Amino acid sequence: MKKLIKNTMAGVMAAAMLTSLAACGSSGSGSGSASTTSTGTAETSESAPITGGTLKVTLSEEPGEGDALGNALDTWAAETGNTVEKIIISHDDMRTKFPSMAKNKDLPDLCATTFLHQLYPDEFVDMSTVLDLSMFNENALKLVGKSYTSDTITGVPEQYTTTCIFYNKDAFEAAGIEAPTIEDPWTWDELYENAAILQEKAGVKYGFAADVSRARYDILMYANGGSIVEADGDTFKVTLNSPQNVSTLERFVQANNEVMPKAIWAGGTTDNPVEYFKNGDAAILLSGSWNYNTFSSEITSFDFGVIPSPMGSTCQSAIIGGSALAIPKDAENVELAEQFIQWLYGDDHSNYQDYLQLHKGLSVMNDVSYQPETDKAKEDFAIMQNETNYVTDTFMTDEASSWRTYKDAEYRDALERAVAGEVTAQEALDTFAAELAEASGWEMAY
């Protein structure tokens, strides 16, 4: 099996493909998907449909009754006269088991994965030979489907999520606060200021809460023009301790002291801020689109909604993620896997629309969207879909560097120490920047 390329030249090759994104993403007010990619149209197979075959598919968990992908696989099998063998391998185990499967020539025909196709691109089919990729959201293709080391799309996006901000409508009304809109978003300073008003006038314990994830904190960093690294010729420089990053962390520490449940980010409790929002203790929550359907079914004591990400000193920012469907080149039934992919994302998109209605999530396709039953949900999903336009090229460069292969958990530890008051923001970021530079061999920019 071809080895994963980890050197910095490979990372910059991926970074070089990012120039089509604006530095701070689209600032447009529309709720549609990002513009289509320039990837060419596939020359799909014209051979007769296969029947009586068995498609081996790896999934990270056993699909339940309402699982969208599991349902799609079963429907396809019933319609085409094929069978599906579902192989359950946990997300963590896939990293070690896939190389063994390749070595033993025991590969699945189709992988539902978040990273295999990006880590081992030479092992997977170029999806531009299977589908016309212009039908997909461009950011989804680049972040979910693209190889880390080239511009090749090695997985077709399946699931798509974005960070977003939820709010307690009843608390806003009690405090006399009007929610921001896509056309007129808040700044981050305004969010913090209104969080203080919510505590004073709406009777909530905390004005604002955020998932304990460095990825959630990084939204603030990118909005203020910061980054973890920057491209430097054929390598990278560490920029984590830049002046704009230090000031972002200083303001975040202040917010934890004034309007946030400090113990969570300071490492003093394992409480989940999502629960704080659900029980009404926190009026604003920075989390992700994946919570929406759970909130819809579990929050009954107040009305909630979604607001757009605030403006930082430079731009708005969001981080997206998801999973892809990828076909190993050396699988036994490559053509059968291609036929399933073409069925799912076919010309009239009806099968993907059925998938999306069951999944109740954001769409990876430009001309298809989830159709909620209520006007409220339609408005909220329009805002969440629009968040995908705020992905910054600084985030894309950071992702292309694969900096987490050198250091990862230590970053959030540094943030927690700053929030806890053990060190200053400058000291926290200086320390982690030096650790990342030493582990990666990259120079420090500051």
# chains A, B, ... in the order shown; residues from 1 in each chain; ligands from 1
>>> residues_around(residues="stretch 283-298 of chain A", least_positions_apart="4", cutoff="8 Å", atoms="only C-alpha atoms", output="PDB file with C-alpha atoms, in the first residue's frame")
ATOM      1  CA  THR A 161     -22.178  19.825   9.112  1.00  0.00           C
ATOM      2  CA  THR A 162     -21.305  23.369  10.092  1.00  0.00           C
ATOM      3  CA  THR A 163     -20.689  25.237  13.282  1.00  0.00           C
ATOM      4  CA  CYS A 164     -23.511  27.592  14.190  1.00  0.00           C
ATOM      5  CA  ILE A 165     -24.988  29.610  17.032  1.00  0.00           C
ATOM      6  CA  PHE A 166     -28.282  28.787  18.748  1.00  0.00           C
ATOM      7  CA  TYR A 167     -30.268  31.250  20.857  1.00  0.00           C
ATOM      8  CA  ASN A 168     -33.124  31.251  23.350  1.00  0.00           C
ATOM      9  CA  ALA A 171     -34.746  35.074  26.746  1.00  0.00           C
ATOM     10  CA  PHE A 172     -34.064  37.524  23.910  1.00  0.00           C
ATOM     11  CA  ALA A 195     -24.820  38.144  26.656  1.00  0.00           C
ATOM     12  CA  LEU A 198     -29.320  38.609  28.919  1.00  0.00           C
ATOM     13  CA  VAL A 204     -30.427  33.303  32.647  1.00  0.00           C
ATOM     14  CA  TYR A 206     -25.029  32.499  31.546  1.00  0.00           C
ATOM     15  CA  GLY A 207     -25.389  34.740  28.535  1.00  0.00           C
ATOM     16  CA  PHE A 208     -23.142  32.609  26.350  1.00  0.00           C
ATOM     17  CA  ALA A 209     -21.688  29.094  26.279  1.00  0.00           C
ATOM     18  CA  ALA A 210     -19.463  27.256  23.796  1.00  0.00           C
ATOM     19  CA  ASP A 211     -18.559  23.630  23.201  1.00  0.00           C
ATOM     20  CA  ARG A 216     -15.201  26.091  18.322  1.00  0.00           C
ATOM     21  CA  PRO A 273     -22.567  23.358  27.574  1.00  0.00           C
ATOM     22  CA  VAL A 274     -25.175  21.868  25.229  1.00  0.00           C
ATOM     23  CA  PHE A 277     -28.570  25.586  26.658  1.00  0.00           C
ATOM     24  CA  LYS A 278     -31.219  22.871  26.649  1.00  0.00           C
ATOM     25  CA  LYS A 360     -32.626  16.028   8.293  1.00  0.00           C
ATOM     26  CA  GLY A 361     -29.316  17.767   7.671  1.00  0.00           C
ATOM     27  CA  MET A 384     -27.204  27.091   8.859  1.00  0.00           C
TER      28      MET A 384
END
>>> residues_around(residues="stretch 186-189 of chain A", least_positions_apart="4", cutoff="10 Å", atoms="only C-alpha atoms", output="ChimeraX atom specification")
/A:179-182,193-195,220,223-224,251,255,307-313,315-316
>>> write_last_selection(atoms="N, CA, C and O atoms", output="PDB file, in the first residue's frame")
ATOM      1  N   ALA A 179     -32.793  39.694  17.513  1.00  0.00           N
ATOM      2  CA  ALA A 179     -31.811  38.766  16.972  1.00  0.00           C
ATOM      3  C   ALA A 179     -31.189  39.313  15.695  1.00  0.00           C
ATOM      4  O   ALA A 179     -31.874  39.939  14.885  1.00  0.00           O
ATOM      5  N   PRO A 180     -29.896  39.076  15.500  1.00  0.00           N
ATOM      6  CA  PRO A 180     -29.242  39.503  14.254  1.00  0.00           C
ATOM      7  C   PRO A 180     -29.713  38.664  13.080  1.00  0.00           C
ATOM      8  O   PRO A 180     -30.277  37.581  13.265  1.00  0.00           O
ATOM      9  N   THR A 181     -29.461  39.148  11.880  1.00  0.00           N
ATOM     10  CA  THR A 181     -29.862  38.445  10.665  1.00  0.00           C
ATOM     11  C   THR A 181     -28.650  38.247   9.760  1.00  0.00           C
ATOM     12  O   THR A 181     -27.573  38.799   9.999  1.00  0.00           O
ATOM     13  N   ILE A 182     -28.831  37.451   8.708  1.00  0.00           N
ATOM     14  CA  ILE A 182     -27.756  37.255   7.734  1.00  0.00           C
ATOM     15  C   ILE A 182     -27.326  38.592   7.141  1.00  0.00           C
ATOM     16  O   ILE A 182     -26.137  38.865   6.959  1.00  0.00           O
ATOM     17  N   GLU A 193     -21.574  41.664  24.611  1.00  0.00           N
ATOM     18  CA  GLU A 193     -22.348  42.719  25.280  1.00  0.00           C
ATOM     19  C   GLU A 193     -23.788  42.292  25.506  1.00  0.00           C
ATOM     20  O   GLU A 193     -24.360  42.523  26.588  1.00  0.00           O
ATOM     21  N   ASN A 194     -24.387  41.678  24.494  1.00  0.00           N
ATOM     22  CA  ASN A 194     -25.772  41.225  24.646  1.00  0.00           C
ATOM     23  C   ASN A 194     -25.869  40.037  25.591  1.00  0.00           C
ATOM     24  O   ASN A 194     -26.901  39.858  26.266  1.00  0.00           O
ATOM     25  N   ALA A 195     -24.827  39.239  25.684  1.00  0.00           N
ATOM     26  CA  ALA A 195     -24.820  38.144  26.656  1.00  0.00           C
ATOM     27  C   ALA A 195     -24.903  38.693  28.073  1.00  0.00           C
ATOM     28  O   ALA A 195     -25.598  38.129  28.933  1.00  0.00           O
ATOM     29  N   LEU A 220     -13.491  32.087  16.439  1.00  0.00           N
ATOM     30  CA  LEU A 220     -13.158  33.447  16.841  1.00  0.00           C
ATOM     31  C   LEU A 220     -11.809  33.861  16.256  1.00  0.00           C
ATOM     32  O   LEU A 220     -11.636  34.988  15.782  1.00  0.00           O
ATOM     33  N   ALA A 223     -12.088  34.583  12.532  1.00  0.00           N
ATOM     34  CA  ALA A 223     -12.855  35.806  12.304  1.00  0.00           C
ATOM     35  C   ALA A 223     -12.020  37.053  12.562  1.00  0.00           C
ATOM     36  O   ALA A 223     -12.282  38.120  11.987  1.00  0.00           O
ATOM     37  N   ASN A 224     -11.011  36.923  13.414  1.00  0.00           N
ATOM     38  CA  ASN A 224     -10.122  38.048  13.712  1.00  0.00           C
ATOM     39  C   ASN A 224      -8.850  38.033  12.870  1.00  0.00           C
ATOM     40  O   ASN A 224      -7.888  38.749  13.166  1.00  0.00           O
ATOM     41  N   ARG A 251      -9.669  38.247  24.959  1.00  0.00           N
ATOM     42  CA  ARG A 251     -11.104  38.604  25.003  1.00  0.00           C
ATOM     43  C   ARG A 251     -11.935  37.385  25.371  1.00  0.00           C
ATOM     44  O   ARG A 251     -12.955  37.514  26.075  1.00  0.00           O
ATOM     45  N   ALA A 255     -14.493  36.972  28.493  1.00  0.00           N
ATOM     46  CA  ALA A 255     -15.880  36.525  28.359  1.00  0.00           C
ATOM     47  C   ALA A 255     -16.177  35.377  29.307  1.00  0.00           C
ATOM     48  O   ALA A 255     -17.276  35.293  29.876  1.00  0.00           O
ATOM     49  N   ILE A 307     -28.864  31.954  14.863  1.00  0.00           N
ATOM     50  CA  ILE A 307     -28.421  33.263  14.386  1.00  0.00           C
ATOM     51  C   ILE A 307     -27.100  33.095  13.638  1.00  0.00           C
ATOM     52  O   ILE A 307     -26.360  32.145  13.878  1.00  0.00           O
ATOM     53  N   PRO A 308     -26.796  34.012  12.720  1.00  0.00           N
ATOM     54  CA  PRO A 308     -25.550  33.885  11.956  1.00  0.00           C
ATOM     55  C   PRO A 308     -24.325  34.143  12.822  1.00  0.00           C
ATOM     56  O   PRO A 308     -24.388  34.854  13.831  1.00  0.00           O
ATOM     57  N   SER A 309     -23.208  33.589  12.426  1.00  0.00           N
ATOM     58  CA  SER A 309     -21.954  33.808  13.131  1.00  0.00           C
ATOM     59  C   SER A 309     -21.607  35.293  13.109  1.00  0.00           C
ATOM     60  O   SER A 309     -21.762  35.954  12.081  1.00  0.00           O
ATOM     61  N   PRO A 310     -21.127  35.836  14.220  1.00  0.00           N
ATOM     62  CA  PRO A 310     -20.803  37.264  14.273  1.00  0.00           C
ATOM     63  C   PRO A 310     -19.573  37.618  13.450  1.00  0.00           C
ATOM     64  O   PRO A 310     -18.730  36.770  13.140  1.00  0.00           O
ATOM     65  N   MET A 311     -19.451  38.892  13.147  1.00  0.00           N
ATOM     66  CA  MET A 311     -18.270  39.427  12.489  1.00  0.00           C
ATOM     67  C   MET A 311     -17.151  39.581  13.507  1.00  0.00           C
ATOM     68  O   MET A 311     -17.382  40.054  14.626  1.00  0.00           O
ATOM     69  N   GLY A 312     -15.941  39.185  13.130  1.00  0.00           N
ATOM     70  CA  GLY A 312     -14.767  39.502  13.915  1.00  0.00           C
ATOM     71  C   GLY A 312     -14.152  40.785  13.393  1.00  0.00           C
ATOM     72  O   GLY A 312     -14.797  41.539  12.649  1.00  0.00           O
ATOM     73  N   SER A 313     -12.920  41.032  13.713  1.00  0.00           N
ATOM     74  CA  SER A 313     -12.266  42.245  13.228  1.00  0.00           C
ATOM     75  C   SER A 313     -12.011  42.179  11.732  1.00  0.00           C
ATOM     76  O   SER A 313     -11.786  43.207  11.084  1.00  0.00           O
ATOM     77  N   CYS A 315     -13.685  39.284   9.513  1.00  0.00           N
ATOM     78  CA  CYS A 315     -14.727  38.627   8.739  1.00  0.00           C
ATOM     79  C   CYS A 315     -15.612  37.774   9.641  1.00  0.00           C
ATOM     80  O   CYS A 315     -15.436  37.745  10.857  1.00  0.00           O
ATOM     81  N   GLN A 316     -16.581  37.106   9.022  1.00  0.00           N
ATOM     82  CA  GLN A 316     -17.323  36.039   9.685  1.00  0.00           C
ATOM     83  C   GLN A 316     -16.593  34.723   9.447  1.00  0.00           C
ATOM     84  O   GLN A 316     -15.849  34.589   8.476  1.00  0.00           O
TER      85      GLN A 316
END
>>> closest_residue(among="A:Val238, A:Ala282, A:Leu344, A:Ala425", to="A:Glu438", atoms="only C-alpha atoms")
A:Val238
>>> select_by_dssp(residues="stretch 256-403 of chain A", states="helix (DSSP H, G or I)", output="PyMOL selection string")
chain A and resi 256-258+262-265+273-278+289-298+334-344+350-359+375-390+393-401+403
>>> atom_distance(atom1="atom CA of A:Glu200", atom2="atom CA of A:Ile177")
12.1 Å
>>> select_by_dssp(residues="stretch 59-241 of chain A", states="strand (DSSP E or B)", output="VMD selection string")
chain A and resid 59 83 to 88 110 to 113 124 136 to 137 146 153 156 to 168 187 206 209 to 210 229 to 232 235 to 238
